[in-house]
Amino acid sequence: MDFFSVLYYRFKKVWKAVRLYLVIAGPGLVVMIADNDAGGITTYAATGAKYGYHLIWFLLLLIPVAYYVQEMTVRLGAVTKRGHAEAIFESFGAFWGWFSLIDLMIVDWLTLVTEFVGMTAALGIFGVPAWLTVIIVVLLMSIIVLNGRYWTWEKIALGFCLLNLIYIPAAFMVNPSLSDIAGQGLIPNLPGGLTNELFFLLMANIGTTIAPWMLFFQQSSVVDKGLQEKDIKMGKLDTFIGSIITVSIAIFIVIVTGTLLHGTPIDDAATAAKLLMKTNHYVGAFMAIGLFDAGLLGAICISLASSWAFGEIFGWAHSLNTKVKEAPWFYISFFITLATAGVVPLIPGAPLVLITLFVQVIAVTLLPAALVFLILLLNDKKTMGEYANTRLQNIVSTLIVVSIIILSTLYGVSALFPNLFQ
Amino acid sequence: MRTINQFLNKIREINQRYSKPKVEMSRAVKISLAVLRVYLFLLVVLMVYKFITVMNVL
């Protein structure tokens with residue numbers, strides 16, 4: 001074969017792989033980008049405002065952490081064809097099943113409330129009243145879900161994922177110093193030493209990267225999409241690309257607030273957007289649009305994670321490929337979860353701070369259990385066969401899971417008792 | 001009333017269906033589940049303690 005024939009053959013091979021990836025891509029990208037939800041944007045904005053570029057290296061460490069945890073759900077879903085809730089019920093019995101399901105319902109609903117808080121605050125910046133935002137979001141999400149096809153839902157969700165990249169032009173617009181980013185951000189350092197405040201922020205960054213709903217969502221999503229064992233390789237690639245994108249977006253947010261708001265204490269991303277508007281109107285607007293999109297993506301995935309889990313256990317039809325008539329309870333539970341959570345931010349004097357605290361604490365009760373079950377399930381050779389964890393995968397995933405459990409527990413306890421670590 | 005009964009029957013059916021764990025109860029699995037129970041028990045104790053102290057302040 002001559003040079004051009006070889007080149008053509010290789011190009012065709014790569015193009016075939018790319019096309020296959022584009023067919024399989026979805027669950028990993030959506031879950032990872034939705035991971036940057038309203039709470040996540042606030043955490044990254046606060047990280048940049050407080051410590052500038054100094055913690056970018058720490059965010060980079062979260063790429064393998066997110067990937068190793070989430071890729072296990074791809075294998076589990078593709079091999080067992082069951083969601084995470086059903087897998088827990090079946091493998092560990094009703095006690096652990098109910099514990100996980102009820103805990104998931106509570107933590108998902110509370111997290112949904114925080115997404116609505118973020119979305120109403122974001123559109124509030126543009127003068128949209130909170131009640132109108134809630135109505136728009138509930139209607140929009142119902143239309144997206146009610147189309148009766150997983151494929152269509154996924155492509156619309158990926159469209160919102162694209163909008164999440166809005167932080168990239170925002171970061172370029174603030175003209176950051178590349179040498180400062182490389183010098184301060186890429187060399188591991190703890191600005192001011194390991195203080196209580198820094199420790200809390202590091203734990204918050206981990207907490208936003210790995211959330212319990214992500215495990216349930218991605219596994220159910222893999223099952224609903226119909227991925228098979230042969231698709232695992234591409235599913236893992238999808239998850240890996242997603243983990244790189246999600247951390248990249250986080251870094252761009254840190255660059256934006258680290259450049260313009262360094263040293264300014266901020267409580268939430270909406271406040272950051274307002275402050276940014278004073279310096280650069282477009283960057284502030286981008287921050288607000290990104291916050292709304294992040295809340296919307298988070299809400300789409302979280303409410304679906306709950307409905308899928310309910311459907312799996314109660315035996316209802318629970319696929320986005322079904323019409324409302326065929327799976328009424330699946331769509332009713334989705335709508336009720338969404339609408340009740342949307343109403344909370346509209347209640348005058350609603351305990352939103354308490355709800356945020358509860359999210360952190362209750363997530364700590366669910367996350368370790370879900371992660372431990374994940375590793376145990378991936379070691380069940382009878383079910384997983386050749387896709388069970390290898391020794392190396394067990395060492396890496398156990399190290400990651402133990403670290404996440406310790407840090408998230410400290411995070412939850414410090415949220416309960418703020419003076420404990422001072 | 002009928003709906004509640006149907007719901008309770010469904011829960012009984014689920015409990016029946018998943019009454020026996022299917023995963024092989026090796027030593028590692030047993031230890032992991034035991035540690036998880038202790039961990040969750042301690043967390044619940046902490047949360048109850050926090051709740052009581054908050055209620056006392058109020």
# chains A, B, ... in the order shown; residues from 1 in each chain; ligands from 1
call {"tool": "interface_residues", "arguments": {"of": "chain A", "to": "chain B", "cutoff": "6 Å", "atoms": "only C-alpha atoms", "output": "PyMOL selection string"}}
result
chain A and resi 90-94
call {"tool": "residues_around", "arguments": {"residues": "stretch 384-393 of chain A", "least_positions_apart": "2", "cutoff": "9 Å", "atoms": "only C-alpha atoms", "output": "NGL selection string"}}
result
:A and (68 or 72 or 75-76 or 79-80 or 229 or 375 or 377-382 or 395-398)
call {"tool": "residues_around", "arguments": {"residues": "stretch 36-49 of chain A", "least_positions_apart": "6", "cutoff": "8 Å", "atoms": "only C-alpha atoms", "output": "MDAnalysis selection string"}}
result
chainID A and resid 55 114:115 118:119 201 204:205 208:209 246 250:251 253:270 272 291:292 294:298
call {"tool": "write_last_selection", "arguments": {"atoms": "N, CA and C atoms", "output": "tab-separated table (two decimals), in the first residue's frame"}}
result
chain	number	residue	atom	x	y	z
A	55	LEU	N	-5.74	27.47	43.67
A	55	LEU	CA	-6.25	26.10	43.87
A	55	LEU	C	-6.60	25.39	42.55
A	114	THR	N	-32.10	23.87	45.87
A	114	THR	CA	-30.94	24.77	45.72
A	114	THR	C	-30.73	25.14	44.24
A	115	GLU	N	-31.10	24.21	43.32
A	115	GLU	CA	-30.99	24.55	41.88
A	115	GLU	C	-31.98	25.66	41.54
A	118	GLY	N	-30.72	28.95	42.75
A	118	GLY	CA	-29.70	29.46	41.82
A	118	GLY	C	-30.33	30.04	40.56
A	119	MET	N	-31.30	29.30	40.00
A	119	MET	CA	-31.92	29.76	38.74
A	119	MET	C	-32.72	31.05	38.93
A	201	LEU	N	-13.25	24.82	52.04
A	201	LEU	CA	-13.44	25.08	50.60
A	201	LEU	C	-12.96	23.90	49.74
A	204	ALA	N	-15.57	21.35	50.01
A	204	ALA	CA	-16.74	21.75	49.23
A	204	ALA	C	-16.53	21.45	47.75
A	205	ASN	N	-15.28	21.66	47.27
A	205	ASN	CA	-14.97	21.35	45.87
A	205	ASN	C	-15.09	19.85	45.58
A	208	THR	N	-18.82	18.91	45.55
A	208	THR	CA	-19.57	19.25	44.33
A	208	THR	C	-19.17	18.36	43.15
A	209	THR	N	-17.97	17.77	43.24
A	209	THR	CA	-17.50	16.93	42.14
A	209	THR	C	-18.14	15.54	42.17
A	246	THR	N	-15.81	19.09	32.69
A	246	THR	CA	-16.39	19.67	33.91
A	246	THR	C	-15.33	20.39	34.75
A	250	ALA	N	-14.85	24.45	35.58
A	250	ALA	CA	-14.60	24.92	36.96
A	250	ALA	C	-13.38	25.84	36.99
A	251	ILE	N	-12.34	25.45	36.25
A	251	ILE	CA	-11.11	26.26	36.23
A	251	ILE	C	-11.37	27.62	35.58
A	253	ILE	N	-14.13	29.24	35.61
A	253	ILE	CA	-14.89	30.07	36.57
A	253	ILE	C	-13.92	30.66	37.61
A	254	VAL	N	-13.00	29.81	38.08
A	254	VAL	CA	-12.00	30.27	39.05
A	254	VAL	C	-11.16	31.40	38.45
A	255	ILE	N	-10.83	31.26	37.15
A	255	ILE	CA	-10.03	32.31	36.50
A	255	ILE	C	-10.82	33.63	36.45
A	256	VAL	N	-12.12	33.53	36.13
A	256	VAL	CA	-12.95	34.75	36.04
A	256	VAL	C	-12.99	35.47	37.39
A	257	THR	N	-13.40	34.73	38.43
A	257	THR	CA	-13.54	35.40	39.74
A	257	THR	C	-12.16	35.68	40.36
A	258	GLY	N	-11.19	34.81	40.03
A	258	GLY	CA	-9.84	35.04	40.56
A	258	GLY	C	-9.19	36.27	39.97
A	259	THR	N	-9.57	36.63	38.75
A	259	THR	CA	-8.99	37.80	38.10
A	259	THR	C	-9.69	39.09	38.55
A	260	LEU	N	-11.02	39.04	38.57
A	260	LEU	CA	-11.77	40.29	38.83
A	260	LEU	C	-12.22	40.47	40.29
A	261	LEU	N	-12.37	39.36	40.99
A	261	LEU	CA	-12.94	39.49	42.36
A	261	LEU	C	-11.99	38.99	43.45
A	262	HIS	N	-10.72	38.81	43.11
A	262	HIS	CA	-9.79	38.25	44.10
A	262	HIS	C	-9.77	39.12	45.36
A	263	GLY	N	-10.05	38.48	46.48
A	263	GLY	CA	-10.05	39.21	47.75
A	263	GLY	C	-11.43	39.71	48.16
A	264	THR	N	-12.41	39.52	47.27
A	264	THR	CA	-13.78	39.96	47.60
A	264	THR	C	-14.57	38.76	48.14
A	265	PRO	N	-15.06	38.84	49.38
A	265	PRO	CA	-15.85	37.70	49.88
A	265	PRO	C	-17.20	37.61	49.16
A	266	ILE	N	-17.51	36.44	48.63
A	266	ILE	CA	-18.83	36.26	47.99
A	266	ILE	C	-19.53	35.04	48.58
A	267	ASP	N	-20.84	35.16	48.73
A	267	ASP	CA	-21.61	34.07	49.32
A	267	ASP	C	-22.21	33.15	48.28
A	268	ASP	N	-22.53	33.67	47.12
A	268	ASP	CA	-23.11	32.83	46.08
A	268	ASP	C	-22.76	33.36	44.69
A	269	ALA	N	-23.03	32.51	43.69
A	269	ALA	CA	-22.64	32.85	42.32
A	269	ALA	C	-23.41	34.06	41.79
A	270	ALA	N	-24.66	34.24	42.25
A	270	ALA	CA	-25.46	35.38	41.78
A	270	ALA	C	-24.82	36.70	42.25
A	272	ALA	N	-21.67	37.04	42.83
A	272	ALA	CA	-20.46	37.18	42.00
A	272	ALA	C	-20.83	37.79	40.65
A	291	LEU	N	-24.99	30.43	35.35
A	291	LEU	CA	-25.58	29.96	36.62
A	291	LEU	C	-26.97	29.39	36.37
A	292	PHE	N	-27.75	30.09	35.54
A	292	PHE	CA	-29.09	29.60	35.23
A	292	PHE	C	-29.00	28.25	34.51
A	294	ALA	N	-26.59	26.10	34.59
A	294	ALA	CA	-26.08	25.07	35.51
A	294	ALA	C	-27.22	24.55	36.39
A	295	GLY	N	-28.04	25.46	36.89
A	295	GLY	CA	-29.18	25.05	37.72
A	295	GLY	C	-30.16	24.21	36.93
A	296	LEU	N	-30.37	24.60	35.68
A	296	LEU	CA	-31.32	23.88	34.82
A	296	LEU	C	-30.81	22.46	34.52
A	297	LEU	N	-29.53	22.37	34.17
A	297	LEU	CA	-28.95	21.05	33.88
A	297	LEU	C	-29.00	20.15	35.11
A	298	GLY	N	-28.63	20.75	36.25
A	298	GLY	CA	-28.67	19.99	37.52
A	298	GLY	C	-30.08	19.51	37.79
call {"tool": "residues_around", "arguments": {"residues": "stretch 19-26 of chain A", "least_positions_apart": "6", "cutoff": "7 Å", "atoms": "only C-alpha atoms", "output": "list in words"}}
result
Glu154, Met234, Gly235 and Asp238 of chain A
call {"tool": "write_last_selection", "arguments": {"atoms": "C-alpha atoms", "output": "compact mmCIF listing (two decimals), in the first residue's frame"}}
result
# COMPACT_ATOMS: atom_id res chain seq x y z
CA GLU A 154 -30.22 13.60 25.51
CA MET A 234 -16.84 4.26 24.45
CA GLY A 235 -18.98 4.87 27.56
CA ASP A 238 -17.48 9.59 27.22
call {"tool": "residues_around", "arguments": {"residues": "A:Pro188", "least_positions_apart": "4", "cutoff": "12 Å", "atoms": "only C-alpha atoms", "output": "PyMOL selection string"}}
result
chain A and resi 53-61+182-184+193
call {"tool": "select_by_dssp", "arguments": {"residues": "chain B", "states": "helix (DSSP H, G or I)", "output": "ChimeraX atom specification"}}
result
/B:2-17,27-57
call {"tool": "write_last_selection", "arguments": {"atoms": "N, CA and C atoms", "output": "compact mmCIF listing (two decimals), in the first residue's frame"}}
result
# COMPACT_ATOMS: atom_id res chain seq x y z
N ARG B 2 -58.23 2.90 49.66
CA ARG B 2 -57.87 1.82 48.75
C ARG B 2 -56.46 2.04 48.18
N THR B 3 -56.19 3.32 47.87
CA THR B 3 -54.87 3.66 47.31
C THR B 3 -53.77 3.38 48.34
N ILE B 4 -54.05 3.74 49.61
CA ILE B 4 -53.04 3.51 50.66
C ILE B 4 -52.80 2.00 50.80
N ASN B 5 -53.88 1.23 50.78
CA ASN B 5 -53.74 -0.23 50.88
C ASN B 5 -52.93 -0.79 49.72
N GLN B 6 -53.21 -0.26 48.54
CA GLN B 6 -52.48 -0.72 47.34
C GLN B 6 -50.99 -0.41 47.48
N PHE B 7 -50.72 0.81 48.01
CA PHE B 7 -49.34 1.25 48.19
C PHE B 7 -48.62 0.35 49.20
N LEU B 8 -49.33 0.06 50.33
CA LEU B 8 -48.72 -0.79 51.36
C LEU B 8 -48.49 -2.21 50.83
N ASN B 9 -49.44 -2.69 50.03
CA ASN B 9 -49.26 -4.02 49.43
C ASN B 9 -48.04 -4.04 48.51
N LYS B 10 -47.87 -2.93 47.79
CA LYS B 10 -46.73 -2.84 46.87
C LYS B 10 -45.42 -2.89 47.65
N ILE B 11 -45.40 -2.17 48.78
CA ILE B 11 -44.18 -2.15 49.60
C ILE B 11 -43.90 -3.56 50.15
N ARG B 12 -44.97 -4.23 50.59
CA ARG B 12 -44.80 -5.62 51.08
C ARG B 12 -44.23 -6.51 49.98
N GLU B 13 -44.76 -6.30 48.78
CA GLU B 13 -44.31 -7.10 47.63
C GLU B 13 -42.82 -6.85 47.34
N ILE B 14 -42.44 -5.55 47.43
CA ILE B 14 -41.02 -5.21 47.20
C ILE B 14 -40.15 -5.84 48.28
N ASN B 15 -40.60 -5.73 49.53
CA ASN B 15 -39.82 -6.32 50.62
C ASN B 15 -39.66 -7.83 50.44
N GLN B 16 -40.73 -8.45 49.97
CA GLN B 16 -40.70 -9.89 49.73
C GLN B 16 -39.72 -10.24 48.61
N ARG B 17 -39.82 -9.43 47.53
CA ARG B 17 -38.99 -9.68 46.34
C ARG B 17 -37.50 -9.55 46.66
N ARG B 27 -16.49 -12.38 53.46
CA ARG B 27 -16.05 -11.67 54.67
C ARG B 27 -15.93 -10.15 54.39
N ALA B 28 -15.39 -9.81 53.21
CA ALA B 28 -15.21 -8.39 52.86
C ALA B 28 -16.56 -7.66 52.81
N VAL B 29 -17.56 -8.33 52.23
CA VAL B 29 -18.88 -7.71 52.12
C VAL B 29 -19.47 -7.52 53.51
N LYS B 30 -19.36 -8.58 54.34
CA LYS B 30 -19.93 -8.50 55.70
C LYS B 30 -19.27 -7.37 56.50
N ILE B 31 -17.92 -7.30 56.42
CA ILE B 31 -17.21 -6.25 57.18
C ILE B 31 -17.63 -4.86 56.66
N SER B 32 -17.70 -4.72 55.33
CA SER B 32 -18.07 -3.41 54.75
C SER B 32 -19.45 -2.97 55.23
N LEU B 33 -20.40 -3.91 55.21
CA LEU B 33 -21.76 -3.55 55.63
C LEU B 33 -21.82 -3.24 57.13
N ALA B 34 -21.04 -3.97 57.91
CA ALA B 34 -21.02 -3.72 59.36
C ALA B 34 -20.45 -2.33 59.65
N VAL B 35 -19.33 -2.01 58.96
CA VAL B 35 -18.70 -0.68 59.15
C VAL B 35 -19.67 0.42 58.73
N LEU B 36 -20.38 0.17 57.64
CA LEU B 36 -21.35 1.15 57.13
C LEU B 36 -22.47 1.40 58.15
N ARG B 37 -22.92 0.31 58.77
CA ARG B 37 -23.98 0.46 59.79
C ARG B 37 -23.49 1.33 60.96
N VAL B 38 -22.26 1.04 61.43
CA VAL B 38 -21.70 1.80 62.56
C VAL B 38 -21.56 3.27 62.16
N TYR B 39 -21.03 3.50 60.96
CA TYR B 39 -20.81 4.86 60.44
C TYR B 39 -22.13 5.64 60.40
N LEU B 40 -23.14 5.00 59.85
CA LEU B 40 -24.44 5.68 59.72
C LEU B 40 -25.07 5.90 61.09
N PHE B 41 -24.88 4.93 62.00
CA PHE B 41 -25.42 5.08 63.35
C PHE B 41 -24.79 6.31 64.03
N LEU B 42 -23.46 6.43 63.90
CA LEU B 42 -22.77 7.58 64.51
C LEU B 42 -23.25 8.90 63.90
N LEU B 43 -23.45 8.90 62.59
CA LEU B 43 -23.93 10.12 61.93
C LEU B 43 -25.33 10.51 62.44
N VAL B 44 -26.18 9.50 62.58
CA VAL B 44 -27.54 9.77 63.07
C VAL B 44 -27.46 10.34 64.50
N VAL B 45 -26.59 9.75 65.34
CA VAL B 45 -26.42 10.24 66.71
C VAL B 45 -26.01 11.72 66.68
N LEU B 46 -25.04 12.05 65.80
CA LEU B 46 -24.57 13.44 65.68
C LEU B 46 -25.71 14.37 65.26
N MET B 47 -26.51 13.91 64.31
CA MET B 47 -27.61 14.75 63.81
C MET B 47 -28.68 14.95 64.88
N VAL B 48 -28.97 13.88 65.63
CA VAL B 48 -29.97 14.00 66.71
C VAL B 48 -29.45 14.96 67.78
N TYR B 49 -28.15 14.83 68.11
CA TYR B 49 -27.53 15.72 69.10
C TYR B 49 -27.65 17.17 68.64
N LYS B 50 -27.34 17.41 67.36
CA LYS B 50 -27.41 18.77 66.82
C LYS B 50 -28.86 19.30 66.88
N PHE B 51 -29.79 18.42 66.53
CA PHE B 51 -31.20 18.81 66.54
C PHE B 51 -31.64 19.21 67.95
N ILE B 52 -31.23 18.38 68.94
CA ILE B 52 -31.61 18.67 70.33
C ILE B 52 -31.00 20.00 70.80
N THR B 53 -29.72 20.22 70.48
CA THR B 53 -29.07 21.46 70.91
C THR B 53 -29.71 22.68 70.24
N VAL B 54 -30.08 22.53 68.95
CA VAL B 54 -30.75 23.65 68.26
C VAL B 54 -32.10 23.93 68.89
N MET B 55 -32.84 22.87 69.21
CA MET B 55 -34.16 23.04 69.82
C MET B 55 -34.06 23.70 71.19
N ASN B 56 -32.99 23.33 71.94
CA ASN B 56 -32.78 23.94 73.27
C ASN B 56 -32.51 25.44 73.17
N VAL B 57 -31.74 25.81 72.13
CA VAL B 57 -31.43 27.24 71.92
C VAL B 57 -32.71 28.00 71.58
call {"tool": "closest_residue", "arguments": {"among": "A:Leu62, A:Val247, A:Leu132, A:Ile143", "to": "A:Val324", "atoms": "only C-alpha atoms"}}
result
A:Ile143
call {"tool": "residues_around", "arguments": {"residues": "stretch 329-335 of chain A", "least_positions_apart": "2", "cutoff": "6 Å", "atoms": "only C-alpha atoms", "output": "PyMOL selection string"}}
result
chain A and resi 303+307+318+327+337-339
call {"tool": "residues_around", "arguments": {"residues": "stretch 215-225 of chain A", "least_positions_apart": "3", "cutoff": "7 Å", "atoms": "only C-alpha atoms", "output": "list of chain:residue names"}}
result
A:Pro27, A:Gly28, A:Val31, A:Gln70, A:Thr73, A:Val74, A:Gly77, A:Ala78, A:Lys81, A:Arg82, A:Gly83, A:His84, A:Ala85, A:Tyr150, A:Pro212, A:Cys301, A:Ala305, A:Trp308, A:Ser319
call {"tool": "write_last_selection", "arguments": {"atoms": "C-alpha atoms", "output": "mmCIF file, in the first residue's frame"}}
result
data_model
loop_
_atom_site.group_PDB
_atom_site.id
_atom_site.type_symbol
_atom_site.label_atom_id
_atom_site.label_comp_id
_atom_site.auth_asym_id
_atom_site.auth_seq_id
_atom_site.Cartn_x
_atom_site.Cartn_y
_atom_site.Cartn_z
ATOM 1 C CA PRO A 27 -24.641 9.872 29.725
ATOM 2 C CA GLY A 28 -21.027 10.616 30.708
ATOM 3 C CA VAL A 31 -23.731 13.802 34.150
ATOM 4 C CA GLN A 70 -18.375 7.395 37.466
ATOM 5 C CA THR A 73 -21.546 3.045 36.936
ATOM 6 C CA VAL A 74 -21.079 2.678 33.157
ATOM 7 C CA GLY A 77 -25.312 -0.353 34.045
ATOM 8 C CA ALA A 78 -24.159 -1.876 30.752
ATOM 9 C CA LYS A 81 -29.063 -3.512 32.646
ATOM 10 C CA ARG A 82 -30.273 -2.227 36.010
ATOM 11 C CA GLY A 83 -30.169 1.173 37.670
ATOM 12 C CA HIS A 84 -28.170 1.763 40.847
ATOM 13 C CA ALA A 85 -31.239 1.681 43.127
ATOM 14 C CA TYR A 150 -34.413 9.271 25.180
ATOM 15 C CA PRO A 212 -24.818 10.758 45.228
ATOM 16 C CA CYS A 301 -30.617 15.248 35.880
ATOM 17 C CA ALA A 305 -32.415 10.314 38.861
ATOM 18 C CA TRP A 308 -35.764 6.411 37.418
ATOM 19 C CA SER A 319 -37.987 5.064 30.392
#
call {"tool": "decode", "arguments": {"residues": "chain B", "atoms": "C-alpha atoms", "output": "tab-separated table (two decimals), in the first residue's frame"}}
result
chain	number	residue	atom	x	y	z
B	1	MET	CA	-58.04	4.23	51.68
B	2	ARG	CA	-57.87	1.82	48.75
B	3	THR	CA	-54.87	3.66	47.31
B	4	ILE	CA	-53.04	3.51	50.66
B	5	ASN	CA	-53.74	-0.23	50.88
B	6	GLN	CA	-52.48	-0.72	47.34
B	7	PHE	CA	-49.34	1.25	48.19
B	8	LEU	CA	-48.72	-0.79	51.36
B	9	ASN	CA	-49.26	-4.02	49.43
B	10	LYS	CA	-46.73	-2.84	46.87
B	11	ILE	CA	-44.18	-2.15	49.60
B	12	ARG	CA	-44.80	-5.62	51.08
B	13	GLU	CA	-44.31	-7.10	47.63
B	14	ILE	CA	-41.02	-5.21	47.20
B	15	ASN	CA	-39.82	-6.32	50.62
B	16	GLN	CA	-40.70	-9.89	49.73
B	17	ARG	CA	-38.99	-9.68	46.34
B	18	TYR	CA	-35.77	-8.33	47.81
B	19	SER	CA	-35.86	-10.17	51.14
B	20	LYS	CA	-32.67	-12.10	50.42
B	21	PRO	CA	-29.52	-10.29	49.27
B	22	LYS	CA	-28.15	-11.84	46.10
B	23	VAL	CA	-24.57	-10.72	46.50
B	24	GLU	CA	-22.24	-13.38	47.86
B	25	MET	CA	-21.79	-12.55	51.55
B	26	SER	CA	-18.02	-12.88	51.67
B	27	ARG	CA	-16.05	-11.67	54.67
B	28	ALA	CA	-15.21	-8.39	52.86
B	29	VAL	CA	-18.88	-7.71	52.12
B	30	LYS	CA	-19.93	-8.50	55.70
B	31	ILE	CA	-17.21	-6.25	57.18
B	32	SER	CA	-18.07	-3.41	54.75
B	33	LEU	CA	-21.76	-3.55	55.63
B	34	ALA	CA	-21.02	-3.72	59.36
B	35	VAL	CA	-18.70	-0.68	59.15
B	36	LEU	CA	-21.35	1.15	57.13
B	37	ARG	CA	-23.98	0.46	59.79
B	38	VAL	CA	-21.70	1.80	62.56
B	39	TYR	CA	-20.81	4.86	60.44
B	40	LEU	CA	-24.44	5.68	59.72
B	41	PHE	CA	-25.42	5.08	63.35
B	42	LEU	CA	-22.77	7.58	64.51
B	43	LEU	CA	-23.93	10.12	61.93
B	44	VAL	CA	-27.54	9.77	63.07
B	45	VAL	CA	-26.42	10.24	66.71
B	46	LEU	CA	-24.57	13.44	65.68
B	47	MET	CA	-27.61	14.75	63.81
B	48	VAL	CA	-29.97	14.00	66.71
B	49	TYR	CA	-27.53	15.72	69.10
B	50	LYS	CA	-27.41	18.77	66.82
B	51	PHE	CA	-31.20	18.81	66.54
B	52	ILE	CA	-31.61	18.67	70.33
B	53	THR	CA	-29.07	21.46	70.91
B	54	VAL	CA	-30.75	23.65	68.26
B	55	MET	CA	-34.16	23.04	69.82
B	56	ASN	CA	-32.78	23.94	73.27
B	57	VAL	CA	-31.43	27.24	71.92
B	58	LEU	CA	-34.83	28.03	70.37
